[in-house]
Amino acid sequence: MLVESAAAPSRHHFDAVLHERRSVRGFLAREVQRAQIEEVLRLAQQAPSNCNVQPWVVHVVSGESGRALRTKLVEAAHFPERMNPDLPPTDKYRDVYRERQFDAAHQLYGAMGVARNDRQARFDAYLRNFEFFGAPHAAFIFMPKPFGTFQAMDCGMYAQSLMLALTSRGIASCAQGALILYPDIVREHLQVDAEQQLLLGISFGYEDPHVKANAARVGRAEIDSAVRFHG
Ligand SMILES: Cc1cc2nc3c(=O)[nH]c(=O)nc-3n(C[C@H](O)[C@H](O)[C@H](O)COP(=O)(O)O)c2cc1C
């Protein structure tokens, strides 16, 4: 009884934030105030990590520096042969994972009005990744060598904590694997040393509701396809 009454408001707030977070792929130019960015970064520091080592190293790029990095990345994106992500590349998705990947693409391109066989429009949509989808800010999450899979999990927890903290303040975001495809460019621009492995980029800012891509919605599988109960 005590638990129910004490927990209810925060539980509802938590549920709302979790459901509200979604990938936003079109932002207003309006910047987020620095104090508010620092506030969400402080919240994200609450993410758990193995032995509390907190392996994430986060670079937030904004303003002129962000625009210059976008230009460099958009240029690089025309040269797929130059991709050299620090993480091993993912094999092609198969089976149900491929179906989900297809569905996500279908929802996104459907919302954008891009036909499946329109290669140019698809490439243009892909390029938007490197423009941070117009976001005025992007966070680049690194971890130092020789950290590997285990510490990458810690950084994943950090990333979700950060995005939920942003959502709770009305700030939209999109996690982007695309932003780690040319890590040398990012490292050079941000003056990050080669010991730092780039794991993820997250564009963030205020959502532009007029961008068609932002109408896309993807669902989730029911728990019985993900969870097994024992005992
Ligand atoms: C690690 C990671 C990498 C992602 N990379 C990209 C990306 O490069 N470009 C993109 O548009 N979305 C990217 N996404 C967003 C996913 O497509 C999205 O989270 C998924 O479709 C679920 O949709 P939702 O975030 O709207 O709930 C990424 C998400 C994660 C967690």
# chains A, B, ... in the order shown; residues from 1 in each chain; ligands from 1
$ residues_around --residues "Leu166 of chain A" --least-positions-apart "4" --cutoff "9 Å" --atoms "only C-alpha atoms" --output "JSON, numbers by chain"
{"A": [21, 37, 40, 41, 161, 162, 170, 171, 172, 173, 204, 205]}
$ residues_near_ligand --ligand "ligand 1" --cutoff "9 Å" --atoms "only C-alpha atoms and all ligand atoms" --output "VMD selection string"
chain A and resid 19 to 25 100 to 101 103 to 105 108 125 to 126 128 to 130 133 156 159 to 160 173 to 180 199 to 202 214 216 to 220
$ select_by_dssp --residues "segment 17-93 of chain A" --states "strand (DSSP E)" --output "NGL selection string"
:A and (57-62)
$ write_last_selection --atoms "N, CA and C atoms" --output "PDB file, in the first residue's frame"
ATOM      1  N   VAL A  57      33.366   8.514 -22.596  1.00  0.00           N
ATOM      2  CA  VAL A  57      34.005   9.830 -22.765  1.00  0.00           C
ATOM      3  C   VAL A  57      33.154  10.538 -23.815  1.00  0.00           C
ATOM      4  N   VAL A  58      32.579  11.646 -23.449  1.00  0.00           N
ATOM      5  CA  VAL A  58      31.539  12.243 -24.297  1.00  0.00           C
ATOM      6  C   VAL A  58      31.969  13.623 -24.793  1.00  0.00           C
ATOM      7  N   HIS A  59      31.877  13.816 -26.079  1.00  0.00           N
ATOM      8  CA  HIS A  59      32.176  15.126 -26.673  1.00  0.00           C
ATOM      9  C   HIS A  59      30.891  15.683 -27.266  1.00  0.00           C
ATOM     10  N   VAL A  60      30.526  16.861 -26.822  1.00  0.00           N
ATOM     11  CA  VAL A  60      29.313  17.503 -27.347  1.00  0.00           C
ATOM     12  C   VAL A  60      29.749  18.603 -28.301  1.00  0.00           C
ATOM     13  N   VAL A  61      29.251  18.523 -29.507  1.00  0.00           N
ATOM     14  CA  VAL A  61      29.634  19.509 -30.514  1.00  0.00           C
ATOM     15  C   VAL A  61      28.413  20.346 -30.887  1.00  0.00           C
ATOM     16  N   SER A  62      28.617  21.653 -30.992  1.00  0.00           N
ATOM     17  CA  SER A  62      27.521  22.598 -31.261  1.00  0.00           C
ATOM     18  C   SER A  62      28.061  23.733 -32.143  1.00  0.00           C
TER      19      SER A  62
END
$ atom_distance --atom1 "atom CA of Arg11 of chain A" --atom2 "atom CA of Tyr158 of chain A"
20.5 Å
$ select_by_dssp --residues "segment 121-217 of chain A" --states "alpha helix (DSSP H)" --output "ChimeraX atom specification"
/A:121-130,149-168,183-190
$ residues_around --residues "Ser49 of chain A" --least-positions-apart "2" --cutoff "9 Å" --atoms "only C-alpha atoms" --output "ChimeraX atom specification"
/A:47,51-55,151,153-155,157-158
$ residues_around --residues "Val74 of chain A" --least-positions-apart "2" --cutoff "12 Å" --atoms "only C-alpha atoms" --output "ChimeraX atom specification"
/A:67-72,76-80,123-133,178-179,181-182,185-186
$ residues_around --residues "Asp208 of chain A" --least-positions-apart "2" --cutoff "10 Å" --atoms "only C-alpha atoms" --output "list in words"
Val24, Arg25, Gly26, Phe27, Leu28, Ala29, Arg30, Gly134, Ala135, Ala172, Gly205, Tyr206, His210, Val211, Lys212, Ala213 and Asn214 of chain A
$ write_last_selection --atoms "N, CA, C and O atoms" --output "PDB file, in the first residue's frame"
ATOM      1  N   VAL A  24      14.177  10.959 -33.561  1.00  0.00           N
ATOM      2  CA  VAL A  24      13.711  12.134 -34.294  1.00  0.00           C
ATOM      3  C   VAL A  24      14.758  12.466 -35.353  1.00  0.00           C
ATOM      4  O   VAL A  24      15.960  12.480 -35.077  1.00  0.00           O
ATOM      5  N   ARG A  25      14.283  12.673 -36.570  1.00  0.00           N
ATOM      6  CA  ARG A  25      15.212  12.863 -37.688  1.00  0.00           C
ATOM      7  C   ARG A  25      14.937  14.162 -38.442  1.00  0.00           C
ATOM      8  O   ARG A  25      14.966  14.213 -39.670  1.00  0.00           O
ATOM      9  N   GLY A  26      14.671  15.193 -37.673  1.00  0.00           N
ATOM     10  CA  GLY A  26      14.479  16.523 -38.245  1.00  0.00           C
ATOM     11  C   GLY A  26      14.348  17.495 -37.079  1.00  0.00           C
ATOM     12  O   GLY A  26      13.465  17.325 -36.228  1.00  0.00           O
ATOM     13  N   PHE A  27      15.244  18.469 -37.020  1.00  0.00           N
ATOM     14  CA  PHE A  27      15.329  19.348 -35.841  1.00  0.00           C
ATOM     15  C   PHE A  27      15.220  20.807 -36.249  1.00  0.00           C
ATOM     16  O   PHE A  27      15.576  21.191 -37.366  1.00  0.00           O
ATOM     17  N   LEU A  28      14.799  21.622 -35.286  1.00  0.00           N
ATOM     18  CA  LEU A  28      14.845  23.067 -35.458  1.00  0.00           C
ATOM     19  C   LEU A  28      16.285  23.534 -35.236  1.00  0.00           C
ATOM     20  O   LEU A  28      17.056  22.864 -34.539  1.00  0.00           O
ATOM     21  N   ALA A  29      16.605  24.699 -35.787  1.00  0.00           N
ATOM     22  CA  ALA A  29      17.974  25.218 -35.609  1.00  0.00           C
ATOM     23  C   ALA A  29      18.200  25.737 -34.178  1.00  0.00           C
ATOM     24  O   ALA A  29      19.345  25.859 -33.728  1.00  0.00           O
ATOM     25  N   ARG A  30      17.107  26.002 -33.482  1.00  0.00           N
ATOM     26  CA  ARG A  30      17.189  26.590 -32.127  1.00  0.00           C
ATOM     27  C   ARG A  30      18.063  25.742 -31.192  1.00  0.00           C
ATOM     28  O   ARG A  30      17.846  24.542 -31.035  1.00  0.00           O
ATOM     29  N   GLY A 134      19.969  18.011 -39.114  1.00  0.00           N
ATOM     30  CA  GLY A 134      19.706  19.434 -38.851  1.00  0.00           C
ATOM     31  C   GLY A 134      19.795  19.816 -37.383  1.00  0.00           C
ATOM     32  O   GLY A 134      19.538  20.974 -37.031  1.00  0.00           O
ATOM     33  N   ALA A 135      20.162  18.871 -36.517  1.00  0.00           N
ATOM     34  CA  ALA A 135      20.231  19.175 -35.075  1.00  0.00           C
ATOM     35  C   ALA A 135      21.374  20.148 -34.789  1.00  0.00           C
ATOM     36  O   ALA A 135      22.440  20.054 -35.400  1.00  0.00           O
ATOM     37  N   ALA A 172      14.559  16.363 -28.198  1.00  0.00           N
ATOM     38  CA  ALA A 172      14.521  15.167 -29.039  1.00  0.00           C
ATOM     39  C   ALA A 172      15.936  14.699 -29.375  1.00  0.00           C
ATOM     40  O   ALA A 172      16.902  15.474 -29.280  1.00  0.00           O
ATOM     41  N   GLY A 205      18.284  18.034 -30.072  1.00  0.00           N
ATOM     42  CA  GLY A 205      17.802  19.415 -30.165  1.00  0.00           C
ATOM     43  C   GLY A 205      16.286  19.382 -30.106  1.00  0.00           C
ATOM     44  O   GLY A 205      15.694  18.389 -29.673  1.00  0.00           O
ATOM     45  N   TYR A 206      15.654  20.434 -30.579  1.00  0.00           N
ATOM     46  CA  TYR A 206      14.187  20.480 -30.554  1.00  0.00           C
ATOM     47  C   TYR A 206      13.635  19.946 -31.872  1.00  0.00           C
ATOM     48  O   TYR A 206      14.133  20.290 -32.949  1.00  0.00           O
ATOM     49  N   HIS A 210       7.459  19.554 -38.632  1.00  0.00           N
ATOM     50  CA  HIS A 210       7.088  19.585 -40.046  1.00  0.00           C
ATOM     51  C   HIS A 210       7.928  18.642 -40.900  1.00  0.00           C
ATOM     52  O   HIS A 210       7.637  18.471 -42.088  1.00  0.00           O
ATOM     53  N   VAL A 211       8.949  18.068 -40.331  1.00  0.00           N
ATOM     54  CA  VAL A 211       9.782  17.136 -41.103  1.00  0.00           C
ATOM     55  C   VAL A 211       9.053  15.800 -41.209  1.00  0.00           C
ATOM     56  O   VAL A 211       8.663  15.204 -40.202  1.00  0.00           O
ATOM     57  N   LYS A 212       8.850  15.349 -42.442  1.00  0.00           N
ATOM     58  CA  LYS A 212       8.036  14.146 -42.679  1.00  0.00           C
ATOM     59  C   LYS A 212       8.570  12.922 -41.936  1.00  0.00           C
ATOM     60  O   LYS A 212       7.801  12.103 -41.447  1.00  0.00           O
ATOM     61  N   ALA A 213       9.895  12.788 -41.901  1.00  0.00           N
ATOM     62  CA  ALA A 213      10.499  11.600 -41.268  1.00  0.00           C
ATOM     63  C   ALA A 213      10.038  11.452 -39.823  1.00  0.00           C
ATOM     64  O   ALA A 213      10.001  10.340 -39.284  1.00  0.00           O
ATOM     65  N   ASN A 214       9.676  12.566 -39.215  1.00  0.00           N
ATOM     66  CA  ASN A 214       9.294  12.507 -37.792  1.00  0.00           C
ATOM     67  C   ASN A 214       7.903  11.923 -37.560  1.00  0.00           C
ATOM     68  O   ASN A 214       7.508  11.703 -36.415  1.00  0.00           O
TER      69      ASN A 214
END
$ atom_distance --atom1 "atom CA of Val17 of chain A" --atom2 "atom CA of Ser168 of chain A"
5.8 Å
$ atom_distance --atom1 "atom CA of Pro85 of chain A" --atom2 "atom CA of Ala221 of chain A"
29.4 Å
$ residues_around --residues "Leu87 of chain A" --least-positions-apart "3" --cutoff "12 Å" --atoms "only C-alpha atoms" --output "list in words"
Met83, Asn84, Thr90, Phe142, Met143, Lys145, Phe147, Gly148, Thr149, Ala152, Gly177, Ile180, Leu181, Tyr182, Pro183, Gln196, Gln197, Leu198, Leu199 and Leu200 of chain A
$ write_last_selection --atoms "N, CA and C atoms" --output "PDB file, in the first residue's frame"
ATOM      1  N   MET A  83      35.152   4.092 -45.179  1.00  0.00           N
ATOM      2  CA  MET A  83      34.604   3.799 -43.843  1.00  0.00           C
ATOM      3  C   MET A  83      35.575   2.914 -43.068  1.00  0.00           C
ATOM      4  N   ASN A  84      35.821   3.266 -41.830  1.00  0.00           N
ATOM      5  CA  ASN A  84      36.691   2.405 -41.001  1.00  0.00           C
ATOM      6  C   ASN A  84      36.287   2.480 -39.527  1.00  0.00           C
ATOM      7  N   THR A  90      28.791  -5.017 -38.381  1.00  0.00           N
ATOM      8  CA  THR A  90      27.718  -5.988 -38.092  1.00  0.00           C
ATOM      9  C   THR A  90      27.475  -6.830 -39.336  1.00  0.00           C
ATOM     10  N   PHE A 142      32.672   8.022 -26.802  1.00  0.00           N
ATOM     11  CA  PHE A 142      33.894   7.225 -26.993  1.00  0.00           C
ATOM     12  C   PHE A 142      34.137   6.390 -25.741  1.00  0.00           C
ATOM     13  N   MET A 143      35.006   5.392 -25.889  1.00  0.00           N
ATOM     14  CA  MET A 143      35.582   4.731 -24.711  1.00  0.00           C
ATOM     15  C   MET A 143      37.037   4.411 -25.057  1.00  0.00           C
ATOM     16  N   LYS A 145      40.725   2.612 -25.443  1.00  0.00           N
ATOM     17  CA  LYS A 145      41.292   1.278 -25.613  1.00  0.00           C
ATOM     18  C   LYS A 145      41.882   0.854 -24.274  1.00  0.00           C
ATOM     19  N   PHE A 147      39.325  -1.133 -23.827  1.00  0.00           N
ATOM     20  CA  PHE A 147      37.969  -1.562 -23.473  1.00  0.00           C
ATOM     21  C   PHE A 147      37.263  -2.167 -24.690  1.00  0.00           C
ATOM     22  N   GLY A 148      36.419  -3.167 -24.396  1.00  0.00           N
ATOM     23  CA  GLY A 148      35.722  -3.870 -25.474  1.00  0.00           C
ATOM     24  C   GLY A 148      34.248  -4.034 -25.177  1.00  0.00           C
ATOM     25  N   THR A 149      33.723  -5.205 -25.530  1.00  0.00           N
ATOM     26  CA  THR A 149      32.271  -5.427 -25.491  1.00  0.00           C
ATOM     27  C   THR A 149      31.639  -5.083 -24.143  1.00  0.00           C
ATOM     28  N   ALA A 152      31.410  -1.512 -23.654  1.00  0.00           N
ATOM     29  CA  ALA A 152      30.478  -0.935 -24.629  1.00  0.00           C
ATOM     30  C   ALA A 152      29.047  -1.045 -24.092  1.00  0.00           C
ATOM     31  N   GLY A 177      24.392   5.126 -35.423  1.00  0.00           N
ATOM     32  CA  GLY A 177      25.579   4.351 -35.769  1.00  0.00           C
ATOM     33  C   GLY A 177      26.283   4.971 -36.973  1.00  0.00           C
ATOM     34  N   ILE A 180      29.539   6.919 -36.605  1.00  0.00           N
ATOM     35  CA  ILE A 180      30.835   6.326 -36.199  1.00  0.00           C
ATOM     36  C   ILE A 180      31.556   5.684 -37.391  1.00  0.00           C
ATOM     37  N   LEU A 181      31.026   5.910 -38.589  1.00  0.00           N
ATOM     38  CA  LEU A 181      31.607   5.237 -39.761  1.00  0.00           C
ATOM     39  C   LEU A 181      32.945   5.835 -40.185  1.00  0.00           C
ATOM     40  N   TYR A 182      33.163   7.089 -39.835  1.00  0.00           N
ATOM     41  CA  TYR A 182      34.420   7.762 -40.208  1.00  0.00           C
ATOM     42  C   TYR A 182      35.062   8.337 -38.937  1.00  0.00           C
ATOM     43  N   PRO A 183      35.508   7.465 -38.046  1.00  0.00           N
ATOM     44  CA  PRO A 183      35.944   7.927 -36.716  1.00  0.00           C
ATOM     45  C   PRO A 183      37.181   8.828 -36.753  1.00  0.00           C
ATOM     46  N   GLN A 196      41.007   6.656 -28.095  1.00  0.00           N
ATOM     47  CA  GLN A 196      39.560   6.709 -27.851  1.00  0.00           C
ATOM     48  C   GLN A 196      38.792   6.083 -29.015  1.00  0.00           C
ATOM     49  N   GLN A 197      38.019   5.051 -28.705  1.00  0.00           N
ATOM     50  CA  GLN A 197      37.227   4.361 -29.732  1.00  0.00           C
ATOM     51  C   GLN A 197      35.828   4.987 -29.784  1.00  0.00           C
ATOM     52  N   LEU A 198      35.408   5.290 -30.995  1.00  0.00           N
ATOM     53  CA  LEU A 198      34.099   5.940 -31.161  1.00  0.00           C
ATOM     54  C   LEU A 198      32.983   4.891 -31.237  1.00  0.00           C
ATOM     55  N   LEU A 199      32.012   5.014 -30.325  1.00  0.00           N
ATOM     56  CA  LEU A 199      30.944   4.009 -30.230  1.00  0.00           C
ATOM     57  C   LEU A 199      29.610   4.460 -30.793  1.00  0.00           C
ATOM     58  N   LEU A 200      29.293   5.725 -30.634  1.00  0.00           N
ATOM     59  CA  LEU A 200      27.950   6.172 -31.023  1.00  0.00           C
ATOM     60  C   LEU A 200      27.903   7.693 -31.119  1.00  0.00           C
TER      61      LEU A 200
END
